[in-house]
file structure33.csv (CSV, C-alpha atoms and all ligand atoms)
chain,number,residue,atom,x,y,z
A,1,MET,CA,-13.9,80.9,-104.5
A,2,ALA,CA,-15.4,78.2,-106.5
A,3,SER,CA,-12.5,75.7,-105.9
A,4,ILE,CA,-12.4,72.7,-108.2
A,5,ARG,CA,-16.2,72.5,-108.4
A,6,CYS,CA,-16.8,70.2,-111.3
A,7,ARG,CA,-18.5,67.1,-110.1
A,8,ARG,CA,-17.4,63.8,-111.5
A,9,LEU,CA,-13.8,64.8,-111.4
A,10,PRO,CA,-12.9,61.1,-110.6
A,11,VAL,CA,-15.3,59.8,-113.3
A,12,LEU,CA,-13.8,62.2,-115.8
A,13,LEU,CA,-10.2,61.4,-114.9
A,14,PHE,CA,-11.1,57.8,-115.4
A,15,LEU,CA,-12.8,58.6,-118.7
A,16,SER,CA,-9.7,60.4,-120.0
A,17,PHE,CA,-7.6,57.3,-119.2
A,18,SER,CA,-10.2,54.9,-120.5
A,19,SER,CA,-10.6,56.8,-123.8
A,20,ILE,CA,-6.9,56.2,-124.3
A,21,LEU,CA,-7.4,52.5,-123.7
A,22,GLY,CA,-10.5,52.5,-125.9
A,23,VAL,CA,-12.8,51.4,-123.0
A,24,THR,CA,-16.4,52.5,-123.2
A,25,ASP,CA,-17.8,54.9,-120.6
A,26,ALA,CA,-20.6,52.6,-119.2
A,27,SER,CA,-20.3,52.0,-115.5
A,28,ALA,CA,-19.6,48.5,-114.3
A,29,GLY,CA,-23.0,48.3,-112.6
A,30,ASP,CA,-25.1,49.0,-115.7
A,31,ALA,CA,-22.9,46.7,-117.9
A,32,ASP,CA,-24.0,43.8,-115.6
A,33,PRO,CA,-26.4,41.7,-117.7
A,34,ILE,CA,-28.4,40.7,-114.6
A,35,TYR,CA,-29.0,44.3,-113.8
A,36,GLY,CA,-29.9,45.1,-117.4
A,37,ALA,CA,-32.4,42.2,-117.6
A,38,CYS,CA,-34.0,43.4,-114.3
A,39,VAL,CA,-34.5,46.9,-115.7
A,40,GLU,CA,-35.9,45.7,-119.0
A,41,GLN,CA,-38.3,43.4,-117.2
A,42,CYS,CA,-39.3,46.1,-114.8
A,43,GLU,CA,-40.1,48.6,-117.5
A,44,LYS,CA,-42.4,46.0,-119.1
A,45,THR,CA,-44.2,44.7,-116.0
A,46,GLY,CA,-43.7,47.7,-113.7
A,47,CYS,CA,-42.5,45.3,-110.9
A,48,VAL,CA,-39.2,44.3,-109.3
A,49,GLY,CA,-39.4,41.4,-106.8
A,50,GLY,CA,-42.7,42.1,-105.0
A,51,LYS,CA,-42.5,45.9,-105.6
A,52,CYS,CA,-44.6,47.6,-108.3
A,53,PHE,CA,-44.6,51.2,-109.5
A,54,GLN,CA,-47.7,52.9,-110.7
A,55,HIS,CA,-45.6,55.2,-113.0
A,56,CYS,CA,-45.0,52.1,-115.2
A,57,ASN,CA,-48.6,51.7,-116.2
A,58,PHE,CA,-48.7,52.9,-119.8
A,59,SER,CA,-51.8,52.6,-122.0
A,60,ASN,CA,-49.9,53.0,-125.3
A,61,GLY,CA,-46.3,53.1,-126.5
A,62,ASN,CA,-45.8,56.5,-128.1
A,63,SER,CA,-42.2,57.2,-128.9
A,64,ILE,CA,-40.5,59.9,-127.0
A,65,ASP,CA,-38.2,60.6,-129.9
A,66,GLY,CA,-39.3,62.5,-133.0
A,67,PRO,CA,-40.7,66.1,-133.4
A,68,TRP,CA,-42.4,67.6,-130.4
A,69,TYR,CA,-45.9,67.7,-132.0
A,70,LEU,CA,-45.8,63.9,-132.4
A,71,GLN,CA,-44.6,63.3,-128.9
A,72,GLU,CA,-46.7,62.2,-126.0
A,73,PRO,CA,-47.8,64.8,-123.5
A,74,LEU,CA,-45.2,66.1,-121.0
A,75,TYR,CA,-46.8,64.4,-118.0
A,76,LEU,CA,-46.5,61.0,-119.8
A,77,ARG,CA,-42.8,61.7,-120.5
A,78,TRP,CA,-42.4,62.5,-116.8
A,79,LYS,CA,-44.1,59.3,-116.0
A,80,ARG,CA,-41.8,57.3,-118.3
A,81,TRP,CA,-38.8,59.0,-116.7
A,82,ASP,CA,-40.2,58.1,-113.2
A,83,CYS,CA,-40.7,54.5,-114.3
A,84,GLN,CA,-37.2,54.2,-115.6
A,85,SER,CA,-35.7,55.9,-112.6
A,86,ASP,CA,-37.7,53.7,-110.1
A,87,CYS,CA,-36.8,50.6,-112.0
A,88,ARG,CA,-33.2,51.4,-112.2
A,89,TYR,CA,-33.1,52.2,-108.5
A,90,GLN,CA,-34.9,49.1,-107.3
A,91,CYS,CA,-32.9,46.9,-109.6
A,92,MET,CA,-29.7,48.5,-108.4
A,93,LEU,CA,-30.7,47.9,-104.7
A,94,ALA,CA,-31.6,44.3,-105.5
A,95,ARG,CA,-28.4,43.7,-107.4
A,96,GLU,CA,-26.2,45.3,-104.8
A,97,GLU,CA,-27.8,43.2,-102.1
A,98,GLU,CA,-27.0,40.0,-104.1
A,99,ARG,CA,-23.5,41.2,-104.8
A,100,LYS,CA,-22.9,42.0,-101.1
A,101,GLU,CA,-23.9,38.5,-100.2
A,102,LEU,CA,-21.4,37.2,-102.7
A,103,GLY,CA,-18.7,39.3,-101.1
A,104,TYR,CA,-18.3,41.9,-103.9
A,105,LYS,CA,-17.7,45.6,-103.4
A,106,PRO,CA,-20.2,48.3,-104.6
A,107,VAL,CA,-20.0,49.3,-108.3
A,108,LYS,CA,-21.3,52.4,-110.0
A,109,TYR,CA,-24.5,52.5,-112.0
A,110,HIS,CA,-24.8,55.0,-114.8
A,111,GLY,CA,-21.8,56.9,-113.5
A,112,LYS,CA,-23.1,57.0,-109.9
A,113,TRP,CA,-22.5,55.1,-106.7
A,114,PRO,CA,-25.5,53.1,-105.3
A,115,PHE,CA,-27.0,55.7,-103.0
A,116,ARG,CA,-30.0,55.1,-100.8
A,117,ARG,CA,-32.8,57.6,-101.5
A,118,VAL,CA,-34.5,59.5,-98.7
A,119,TYR,CA,-38.1,60.6,-99.6
A,120,GLY,CA,-37.1,60.3,-103.3
A,121,ILE,CA,-34.0,62.4,-102.9
A,122,GLN,CA,-31.1,60.7,-104.6
A,123,GLU,CA,-28.1,62.0,-102.6
A,124,PRO,CA,-29.5,63.4,-99.4
A,125,VAL,CA,-26.2,64.2,-97.8
A,126,SER,CA,-24.9,66.2,-100.8
A,127,VAL,CA,-28.2,68.0,-101.1
A,128,ALA,CA,-28.1,69.0,-97.4
A,129,LEU,CA,-24.5,70.2,-97.7
A,130,SER,CA,-25.3,72.1,-100.9
A,131,VAL,CA,-28.1,73.9,-99.2
A,132,LEU,CA,-25.9,74.6,-96.2
A,133,ASN,CA,-23.3,76.0,-98.5
A,134,LEU,CA,-26.0,78.2,-100.2
A,135,ALA,CA,-26.9,79.5,-96.8
A,136,ILE,CA,-23.3,80.4,-96.0
A,137,GLN,CA,-22.9,82.1,-99.4
A,138,PHE,CA,-25.9,84.1,-98.6
A,139,HIS,CA,-24.7,85.0,-95.1
A,140,GLY,CA,-21.3,85.9,-96.5
A,141,TRP,CA,-22.7,88.1,-99.2
A,142,VAL,CA,-25.1,89.9,-96.8
A,143,SER,CA,-22.4,90.6,-94.3
A,144,PHE,CA,-20.1,91.9,-97.1
A,145,PHE,CA,-23.0,94.0,-98.4
A,146,ILE,CA,-23.6,95.6,-95.0
A,147,LEU,CA,-19.8,96.2,-94.5
A,148,VAL,CA,-19.2,98.0,-97.8
A,149,ASN,CA,-22.5,99.9,-97.8
A,150,TYR,CA,-23.1,100.8,-94.2
A,151,LYS,CA,-19.8,100.5,-92.2
A,152,LEU,CA,-17.1,101.6,-94.5
A,153,PRO,CA,-16.8,105.3,-95.6
A,154,PHE,CA,-18.0,106.3,-99.1
A,155,SER,CA,-15.8,108.2,-101.5
A,156,PRO,CA,-16.7,111.9,-102.4
A,157,SER,CA,-18.4,110.5,-105.5
A,158,LYS,CA,-20.8,108.5,-103.2
A,159,LYS,CA,-19.4,105.2,-104.2
A,160,THR,CA,-17.5,102.6,-102.1
A,161,TYR,CA,-13.8,103.1,-102.0
A,162,TYR,CA,-13.3,99.4,-102.6
A,163,GLU,CA,-12.9,98.9,-106.4
A,164,TYR,CA,-14.2,95.3,-106.4
A,165,THR,CA,-17.5,95.7,-104.7
A,166,GLY,CA,-19.6,95.1,-107.9
A,167,LEU,CA,-17.5,92.1,-108.9
A,168,TRP,CA,-18.1,90.4,-105.5
A,169,HIS,CA,-21.9,91.0,-105.8
A,170,ILE,CA,-21.9,89.3,-109.2
A,171,TYR,CA,-19.8,86.5,-107.7
A,172,ALA,CA,-22.4,86.1,-104.9
A,173,MET,CA,-25.2,85.8,-107.5
A,174,LEU,CA,-23.4,83.2,-109.5
A,175,ALA,CA,-22.3,81.2,-106.4
A,176,MET,CA,-25.8,81.1,-105.0
A,177,ASN,CA,-27.2,80.1,-108.4
A,178,SER,CA,-24.7,77.3,-108.7
A,179,TRP,CA,-25.3,75.8,-105.3
A,180,PHE,CA,-29.0,76.0,-105.8
A,181,TRP,CA,-28.8,74.0,-109.0
A,182,ASN,CA,-26.3,71.6,-107.4
A,183,ALA,CA,-28.8,70.9,-104.7
A,184,VAL,CA,-31.6,70.3,-107.3
A,185,PHE,CA,-29.3,68.0,-109.3
A,186,HIS,CA,-28.4,65.9,-106.3
A,187,SER,CA,-32.1,65.6,-105.5
A,188,ARG,CA,-33.1,64.4,-109.0
A,189,ASP,CA,-30.6,63.6,-111.7
A,190,VAL,CA,-32.3,64.1,-115.1
A,191,GLU,CA,-30.9,65.7,-118.3
A,192,LEU,CA,-32.3,69.1,-117.5
A,193,THR,CA,-31.1,69.3,-113.9
A,194,GLU,CA,-27.7,68.0,-115.0
A,195,LYS,CA,-27.3,70.6,-117.7
A,196,LEU,CA,-28.4,73.4,-115.4
A,197,ASP,CA,-25.9,72.2,-112.7
A,198,TYR,CA,-23.0,71.9,-115.1
A,199,SER,CA,-23.7,75.2,-116.8
A,200,SER,CA,-24.0,77.0,-113.5
A,201,ALA,CA,-20.8,75.4,-112.2
A,202,VAL,CA,-18.8,76.4,-115.3
A,203,ALA,CA,-20.2,80.0,-115.1
A,204,LEU,CA,-19.1,80.2,-111.4
A,205,LEU,CA,-15.7,78.7,-111.9
A,206,GLY,CA,-15.0,80.8,-115.0
A,207,TYR,CA,-16.2,84.0,-113.3
A,208,SER,CA,-14.1,83.3,-110.2
A,209,LEU,CA,-11.1,83.0,-112.5
A,210,LEU,CA,-11.9,86.4,-113.9
A,211,LEU,CA,-12.2,87.8,-110.4
A,212,ALA,CA,-8.9,86.3,-109.5
A,213,ILE,CA,-7.2,87.9,-112.6
A,214,LEU,CA,-8.7,91.3,-111.9
A,215,ARG,CA,-7.8,91.3,-108.2
A,216,VAL,CA,-4.4,89.7,-108.4
A,217,PHE,CA,-3.2,92.1,-111.2
A,218,ASN,CA,-5.0,94.9,-109.5
A,219,ILE,CA,-6.9,95.9,-112.7
A,220,ARG,CA,-9.1,98.8,-111.8
A,221,ASP,CA,-9.4,100.7,-115.1
A,222,GLU,CA,-12.8,100.0,-116.7
A,223,ALA,CA,-11.4,99.6,-120.3
A,224,ALA,CA,-8.7,97.2,-119.1
A,225,ARG,CA,-11.3,95.1,-117.2
A,226,VAL,CA,-13.4,94.9,-120.4
A,227,MET,CA,-10.4,93.7,-122.4
A,228,VAL,CA,-9.7,91.0,-119.9
A,229,ALA,CA,-13.3,90.0,-119.4
A,230,ALA,CA,-14.3,89.8,-123.0
A,231,PRO,CA,-12.2,86.7,-124.0
A,232,VAL,CA,-13.0,84.9,-120.8
A,233,ILE,CA,-16.8,85.5,-121.1
A,234,ALA,CA,-16.7,84.6,-124.8
A,235,PHE,CA,-14.9,81.3,-124.0
A,236,LEU,CA,-17.3,80.4,-121.1
A,237,THR,CA,-20.4,81.2,-123.2
A,238,THR,CA,-19.1,79.0,-126.1
A,239,HIS,CA,-18.3,76.2,-123.7
A,240,ILE,CA,-21.7,76.3,-122.0
A,241,LEU,CA,-23.5,76.5,-125.3
A,242,TYR,CA,-21.5,73.5,-126.5
A,243,LEU,CA,-22.4,71.4,-123.5
A,244,ASN,CA,-26.1,72.3,-123.7
A,245,ILE,CA,-26.7,72.3,-127.4
A,246,TYR,CA,-24.1,70.1,-129.0
A,247,GLN,CA,-22.8,67.5,-126.5
A,248,LEU,CA,-22.5,67.1,-122.8
A,249,ASP,CA,-18.9,65.9,-123.1
A,250,TYR,CA,-17.8,65.0,-119.6
A,251,GLY,CA,-14.1,64.5,-120.6
A,252,LEU,CA,-13.9,67.9,-122.2
A,253,ASN,CA,-15.8,69.7,-119.5
A,254,MET,CA,-13.5,68.1,-116.9
A,255,LYS,CA,-10.4,69.5,-118.7
A,256,VAL,CA,-11.9,72.9,-118.9
A,257,CYS,CA,-12.9,72.9,-115.2
A,258,VAL,CA,-9.5,71.7,-114.1
A,259,ALA,CA,-7.8,74.3,-116.2
A,260,LEU,CA,-10.0,77.1,-114.8
A,261,GLY,CA,-9.7,75.8,-111.2
A,262,VAL,CA,-5.9,75.2,-111.2
A,263,THR,CA,-5.2,78.5,-112.8
A,264,GLN,CA,-7.1,80.5,-110.2
A,265,LEU,CA,-5.6,78.5,-107.3
A,266,LEU,CA,-2.1,79.2,-108.7
A,267,LEU,CA,-2.8,82.8,-109.2
A,268,TRP,CA,-4.1,83.2,-105.6
A,269,ALA,CA,-1.2,81.1,-104.2
A,270,VAL,CA,1.5,83.1,-106.0
A,271,TRP,CA,-0.2,86.4,-105.1
A,272,ALA,CA,-0.5,85.3,-101.4
A,273,SER,CA,3.2,84.7,-101.3
A,274,VAL,CA,4.4,87.9,-103.0
A,275,SER,CA,1.8,90.4,-101.8
A,276,GLN,CA,1.8,91.9,-98.3
A,277,HIS,CA,-1.9,91.5,-97.9
A,278,PRO,CA,-2.8,91.3,-94.2
A,279,SER,CA,-5.2,88.4,-94.8
A,280,ARG,CA,-3.0,86.3,-97.1
A,281,TRP,CA,-3.1,83.4,-94.6
A,282,LYS,CA,-6.8,83.1,-95.5
A,283,LEU,CA,-5.9,82.7,-99.2
A,284,TRP,CA,-3.4,80.1,-98.2
A,285,LEU,CA,-6.0,78.1,-96.3
A,286,VAL,CA,-8.5,78.4,-99.2
A,287,VAL,CA,-5.8,77.2,-101.7
A,288,ALA,CA,-4.8,74.3,-99.4
A,289,GLY,CA,-8.5,73.4,-98.8
A,290,GLY,CA,-9.2,73.5,-102.5
A,291,ALA,CA,-6.3,71.1,-103.2
A,292,ILE,CA,-7.6,68.7,-100.5
A,293,GLY,CA,-11.0,68.9,-102.0
A,294,MET,CA,-9.5,68.0,-105.4
A,295,LEU,CA,-7.8,64.9,-103.9
A,296,LEU,CA,-11.1,63.8,-102.4
A,297,GLU,CA,-12.7,64.1,-105.9
A,298,ILE,CA,-9.8,62.1,-107.4
A,299,PHE,CA,-9.7,59.3,-104.8
A,300,ASP,CA,-13.3,58.5,-105.2
A,301,PHE,CA,-14.9,55.9,-102.9
A,302,PRO,CA,-18.3,54.3,-102.7
A,303,PRO,CA,-20.8,55.7,-100.2
A,304,TYR,CA,-20.6,54.6,-96.5
A,305,TRP,CA,-24.0,53.3,-95.3
A,306,GLY,CA,-25.3,54.2,-98.8
A,307,PHE,CA,-25.0,57.9,-98.0
A,308,VAL,CA,-21.5,59.5,-97.6
A,309,ASP,CA,-19.2,59.2,-100.6
A,310,ALA,CA,-16.1,61.2,-101.5
A,311,HIS,CA,-18.2,63.8,-103.3
A,312,ALA,CA,-20.3,64.4,-100.2
A,313,LEU,CA,-17.1,64.8,-98.1
A,314,TRP,CA,-15.9,67.3,-100.8
A,315,HIS,CA,-19.1,69.2,-100.2
A,316,ALA,CA,-18.4,69.2,-96.5
A,317,THR,CA,-14.9,70.8,-97.2
A,318,THR,CA,-16.5,73.6,-99.2
A,319,ILE,CA,-18.4,74.9,-96.2
A,320,PRO,CA,-15.6,76.2,-94.1
A,321,LEU,CA,-13.9,77.4,-97.3
A,322,THR,CA,-16.9,79.4,-98.3
A,323,TYR,CA,-16.9,81.1,-94.9
A,324,LEU,CA,-13.2,81.8,-95.1
A,325,TRP,CA,-13.6,83.1,-98.7
A,326,TRP,CA,-16.2,85.7,-97.8
A,327,SER,CA,-14.1,86.6,-94.7
A,328,PHE,CA,-11.2,87.3,-97.1
A,329,ALA,CA,-13.5,89.5,-99.3
A,330,LYS,CA,-14.5,91.5,-96.3
A,331,ASP,CA,-10.9,91.9,-95.1
A,332,ASP,CA,-9.9,92.9,-98.6
A,333,SER,CA,-12.5,95.6,-98.8
A,334,GLU,CA,-11.4,97.0,-95.4
A,335,PHE,CA,-7.8,96.8,-96.4
A,336,ARG,CA,-8.2,98.6,-99.8
A,337,THR,CA,-10.6,101.2,-98.2
A,338,SER,CA,-8.0,102.1,-95.5
A,339,ILE,CA,-5.3,102.5,-98.1
A,340,LEU,CA,-7.5,104.7,-100.3
A,341,VAL,CA,-8.8,106.8,-97.4
A,342,LYS,CA,-5.2,107.5,-96.3
A,343,LYS,CA,-4.1,108.5,-99.8
A,344,ILE,CA,-6.9,111.1,-100.0
A,345,LYS,CA,-6.0,112.5,-96.6
B,1,ZN,ZN,-22.1,68.1,-105.7

call {"tool": "encode", "arguments": {"input": "structure33.csv", "output": "structure tokens", "more": "lines below"}}
Ligand SMILES: [Zn+2]
result
Amino acid sequence: MASIRCRRLPVLLFLSFSSILGVTDASAGDADPIYGACVEQCEKTGCVGGKCFQHCNFSNGNSIDGPWYLQEPLYLRWKRWDCQSDCRYQCMLAREEERKELGYKPVKYHGKWPFRRVYGIQEPVSVALSVLNLAIQFHGWVSFFILVNYKLPFSPSKKTYYEYTGLWHIYAMLAMNSWFWNAVFHSRDVELTEKLDYSSAVALLGYSLLLAILRVFNIRDEAARVMVAAPVIAFLTTHILYLNIYQLDYGLNMKVCVALGVTQLLLWAVWASVSQHPSRWKLWLVVAGGAIGMLLEIFDFPPYWGFVDAHALWHATTIPLTYLWWSFAKDDSEFRTSILVKKIK
């Protein structure tokens, strides 16, 4: 279950309101002229206060725009990114320190709360929780794999009785891929890691909706599955291409993610209440947990001690949910297999 896994839900909700009011999407922190002047100064001199960055030593000023053959070498571009990133970080810390002394609350910079880095990792708590989630996904998938392939009986055609085995394997791949890129993104937020994270999240969320439709409506026929999957996959592909090639539109992506997430939560909730599935209570817990997670994303708050913000807490809620979700998948495979074995006998 992907739950409502589109980061920046709060930012995006805010954006959808602010676009109505005609407000720009810059965060309060980077709109602050003192911060702006600090970054500009730092990118010229390479220093903030007494701190200097060696990434900011440039011998010439080649543009990073323009065709690739006129651009500076890749390592110089990296250097420039590092310089900008270090300058923004130090200026943010300095500005937040000043603001704190004046009694102001933390504000966001470039869409993000002022996090403290650990060994250059931007959001260490979210990274750790993403990695933990990845580990639990892996554990869940391996135990599912062992159950369906080694513990449950095979049909006379040497296949698993459970009709959704392959679909869960694909789900596992997409989930592990998504949590991997999420960990990378929280370590280092640049355009590439952001796009990889967003694309993986959309793919996972969309696929889990497809899985929900196929399971809830008990679609087992190959042709019917293709008919359902084709429009969903076409839509997801279009959306991912749009984000990557045309525009990374946070507001649009937010709407798409909420629609995908809410639809699957509703499908599972309705099915849990009408079906006689023995593990429907697990579905209920996942739906309830998903809703709580959504609230955490909506009632965004700045990080405590510079580390734990609402999004990090949301990450924490996904861990028991992932465990429960794989536990449901295993129960479902046993449940379906027992029904099918009885039918054959
Ligand atoms: Zn995250």

call {"tool": "closest_residue", "arguments": {"input": "structure33.csv", "among": "A:Leu260, A:Val228, A:Ile339, A:Met254", "to": "A:Glu297", "atoms": "all atoms listed in the file"}}
result
A:Met254

call {"tool": "residues_around", "arguments": {"input": "structure33.csv", "residues": "A:Ala183", "least_positions_apart": "5", "cutoff": "8 Å", "atoms": "all atoms listed in the file", "output": "PDB file with C-alpha atoms, keeping the file's coordinate frame"}}
result
ATOM      1  CA  SER A 126     -24.900  66.200-100.800  1.00  0.00           C
ATOM      2  CA  VAL A 127     -28.200  68.000-101.100  1.00  0.00           C
ATOM      3  CA  ALA A 128     -28.100  69.000 -97.400  1.00  0.00           C
ATOM      4  CA  SER A 130     -25.300  72.100-100.900  1.00  0.00           C
ATOM      5  CA  VAL A 131     -28.100  73.900 -99.200  1.00  0.00           C
TER       6      VAL A 131
END

call {"tool": "residues_near_point", "arguments": {"input": "structure33.csv", "point": "(-10.0, 60.9, -98.9)", "cutoff": "12 Å", "atoms": "all atoms listed in the file", "output": "PDB file with C-alpha atoms, in the frame of the given file"}}
result
ATOM      1  CA  ALA A 291      -6.300  71.100-103.200  1.00  0.00           C
ATOM      2  CA  ILE A 292      -7.600  68.700-100.500  1.00  0.00           C
ATOM      3  CA  GLY A 293     -11.000  68.900-102.000  1.00  0.00           C
ATOM      4  CA  MET A 294      -9.500  68.000-105.400  1.00  0.00           C
ATOM      5  CA  LEU A 295      -7.800  64.900-103.900  1.00  0.00           C
ATOM      6  CA  LEU A 296     -11.100  63.800-102.400  1.00  0.00           C
ATOM      7  CA  GLU A 297     -12.700  64.100-105.900  1.00  0.00           C
ATOM      8  CA  ILE A 298      -9.800  62.100-107.400  1.00  0.00           C
ATOM      9  CA  PHE A 299      -9.700  59.300-104.800  1.00  0.00           C
ATOM     10  CA  ASP A 300     -13.300  58.500-105.200  1.00  0.00           C
ATOM     11  CA  PHE A 301     -14.900  55.900-102.900  1.00  0.00           C
ATOM     12  CA  PRO A 302     -18.300  54.300-102.700  1.00  0.00           C
ATOM     13  CA  VAL A 308     -21.500  59.500 -97.600  1.00  0.00           C
ATOM     14  CA  ASP A 309     -19.200  59.200-100.600  1.00  0.00           C
ATOM     15  CA  ALA A 310     -16.100  61.200-101.500  1.00  0.00           C
ATOM     16  CA  HIS A 311     -18.200  63.800-103.300  1.00  0.00           C
ATOM     17  CA  ALA A 312     -20.300  64.400-100.200  1.00  0.00           C
ATOM     18  CA  LEU A 313     -17.100  64.800 -98.100  1.00  0.00           C
ATOM     19  CA  TRP A 314     -15.900  67.300-100.800  1.00  0.00           C
ATOM     20  CA  THR A 317     -14.900  70.800 -97.200  1.00  0.00           C
TER      21      THR A 317
END

call {"tool": "residues_around", "arguments": {"input": "structure33.csv", "residues": "stretch 86-102 of chain A", "least_positions_apart": "3", "cutoff": "6 Å", "atoms": "all atoms listed in the file", "output": "ChimeraX atom specification"}}
result
/A:38-39,42,82-83

call {"tool": "write_last_selection", "arguments": {"input": "structure33.csv", "atoms": "C-alpha atoms", "output": "short mmCIF file (atom, residue, chain, number, x, y, z; two decimals), in the coordinates of the input"}}
result
data_model
loop_
_atom_site.label_atom_id
_atom_site.label_comp_id
_atom_site.auth_asym_id
_atom_site.auth_seq_id
_atom_site.Cartn_x
_atom_site.Cartn_y
_atom_site.Cartn_z
CA CYS A 38 -34.00 43.40 -114.30
CA VAL A 39 -34.50 46.90 -115.70
CA CYS A 42 -39.30 46.10 -114.80
CA ASP A 82 -40.20 58.10 -113.20
CA CYS A 83 -40.70 54.50 -114.30
#

call {"tool": "residues_around", "arguments": {"input": "structure33.csv", "residues": "A:His239", "least_positions_apart": "2", "cutoff": "10 Å", "atoms": "only C-alpha atoms", "output": "VMD selection string"}}
result
chain A and resid 199 202 to 203 233 to 237 241 to 246 252 to 253 256

call {"tool": "write_last_selection", "arguments": {"input": "structure33.csv", "atoms": "C-alpha atoms", "output": "PDB file, in the coordinates of the input"}}
result
ATOM      1  CA  SER A 199     -23.700  75.200-116.800  1.00  0.00           C
ATOM      2  CA  VAL A 202     -18.800  76.400-115.300  1.00  0.00           C
ATOM      3  CA  ALA A 203     -20.200  80.000-115.100  1.00  0.00           C
ATOM      4  CA  ILE A 233     -16.800  85.500-121.100  1.00  0.00           C
ATOM      5  CA  ALA A 234     -16.700  84.600-124.800  1.00  0.00           C
ATOM      6  CA  PHE A 235     -14.900  81.300-124.000  1.00  0.00           C
ATOM      7  CA  LEU A 236     -17.300  80.400-121.100  1.00  0.00           C
ATOM      8  CA  THR A 237     -20.400  81.200-123.200  1.00  0.00           C
ATOM      9  CA  LEU A 241     -23.500  76.500-125.300  1.00  0.00           C
ATOM     10  CA  TYR A 242     -21.500  73.500-126.500  1.00  0.00           C
ATOM     11  CA  LEU A 243     -22.400  71.400-123.500  1.00  0.00           C
ATOM     12  CA  ASN A 244     -26.100  72.300-123.700  1.00  0.00           C
ATOM     13  CA  ILE A 245     -26.700  72.300-127.400  1.00  0.00           C
ATOM     14  CA  TYR A 246     -24.100  70.100-129.000  1.00  0.00           C
ATOM     15  CA  LEU A 252     -13.900  67.900-122.200  1.00  0.00           C
ATOM     16  CA  ASN A 253     -15.800  69.700-119.500  1.00  0.00           C
ATOM     17  CA  VAL A 256     -11.900  72.900-118.900  1.00  0.00           C
TER      18      VAL A 256
END

call {"tool": "residues_around", "arguments": {"input": "structure33.csv", "residues": "A:Trp326", "least_positions_apart": "4", "cutoff": "7 Å", "atoms": "all atoms listed in the file", "output": "list in words"}}
result
Gly140, Thr322 and Lys330 of chain A

call {"tool": "write_last_selection", "arguments": {"input": "structure33.csv", "atoms": "C-alpha atoms", "output": "mmCIF file, in the coordinates of the input"}}
result
data_model
loop_
_atom_site.group_PDB
_atom_site.id
_atom_site.type_symbol
_atom_site.label_atom_id
_atom_site.label_comp_id
_atom_site.auth_asym_id
_atom_site.auth_seq_id
_atom_site.Cartn_x
_atom_site.Cartn_y
_atom_site.Cartn_z
ATOM 1 C CA GLY A 140 -21.300 85.900 -96.500
ATOM 2 C CA THR A 322 -16.900 79.400 -98.300
ATOM 3 C CA LYS A 330 -14.500 91.500 -96.300
#

call {"tool": "residues_around", "arguments": {"input": "structure33.csv", "residues": "A:Pro231", "least_positions_apart": "5", "cutoff": "12 Å", "atoms": "all atoms listed in the file", "output": "PyMOL selection string"}}
result
chain A and resi 206-207+210+225-226+236-238

call {"tool": "atom_distance", "arguments": {"input": "structure33.csv", "atom1": "atom CA of A:Ala269", "atom2": "atom CA of A:Leu214"}}
result
14.8 Å

call {"tool": "axis_aligned_box", "arguments": {"input": "structure33.csv", "around": "stretch 326-329 of chain A", "padding_each_side": "5 Å", "output": "AutoDock Vina command-line options"}}
result
--center_x -13.7 --center_y 87.6 --center_z -97.0 --size_x 15.0 --size_y 13.8 --size_z 14.6

call {"tool": "atom_distance", "arguments": {"input": "structure33.csv", "atom1": "atom CA of A:Ala329", "atom2": "atom CA of A:Tyr198"}}
result
25.5 Å

call {"tool": "residues_near_point", "arguments": {"input": "structure33.csv", "point": "(-8.5, 80.4, -95.0)", "cutoff": "9 Å", "atoms": "all atoms listed in the file", "output": "list of chain:residue names"}}
result
A:Ser279, A:Arg280, A:Trp281, A:Lys282, A:Leu283, A:Trp284, A:Leu285, A:Val286, A:Val287, A:Ala288, A:Gly289, A:Pro320, A:Leu321, A:Tyr323, A:Leu324, A:Trp325, A:Ser327, A:Phe328

call {"tool": "write_last_selection", "arguments": {"input": "structure33.csv", "atoms": "C-alpha atoms", "output": "short mmCIF file (atom, residue, chain, number, x, y, z; two decimals), in the coordinates of the input"}}
result
data_model
loop_
_atom_site.label_atom_id
_atom_site.label_comp_id
_atom_site.auth_asym_id
_atom_site.auth_seq_id
_atom_site.Cartn_x
_atom_site.Cartn_y
_atom_site.Cartn_z
CA SER A 279 -5.20 88.40 -94.80
CA ARG A 280 -3.00 86.30 -97.10
CA TRP A 281 -3.10 83.40 -94.60
CA LYS A 282 -6.80 83.10 -95.50
CA LEU A 283 -5.90 82.70 -99.20
CA TRP A 284 -3.40 80.10 -98.20
CA LEU A 285 -6.00 78.10 -96.30
CA VAL A 286 -8.50 78.40 -99.20
CA VAL A 287 -5.80 77.20 -101.70
CA ALA A 288 -4.80 74.30 -99.40
CA GLY A 289 -8.50 73.40 -98.80
CA PRO A 320 -15.60 76.20 -94.10
CA LEU A 321 -13.90 77.40 -97.30
CA TYR A 323 -16.90 81.10 -94.90
CA LEU A 324 -13.20 81.80 -95.10
CA TRP A 325 -13.60 83.10 -98.70
CA SER A 327 -14.10 86.60 -94.70
CA PHE A 328 -11.20 87.30 -97.10
#

call {"tool": "closest_residue", "arguments": {"input": "structure33.csv", "among": "A:Ser275, A:Asn149, A:Ser155, A:Ser178", "to": "ligand ZN 1 (chain B)", "atoms": "only C-alpha atoms and all ligand atoms"}}
result
A:Ser178

call {"tool": "closest_residue", "arguments": {"input": "structure33.csv", "among": "A:Glu40, A:Ile344, A:Lys255, A:Pro124", "to": "A:Arg188", "atoms": "all atoms listed in the file"}}
result
A:Pro124
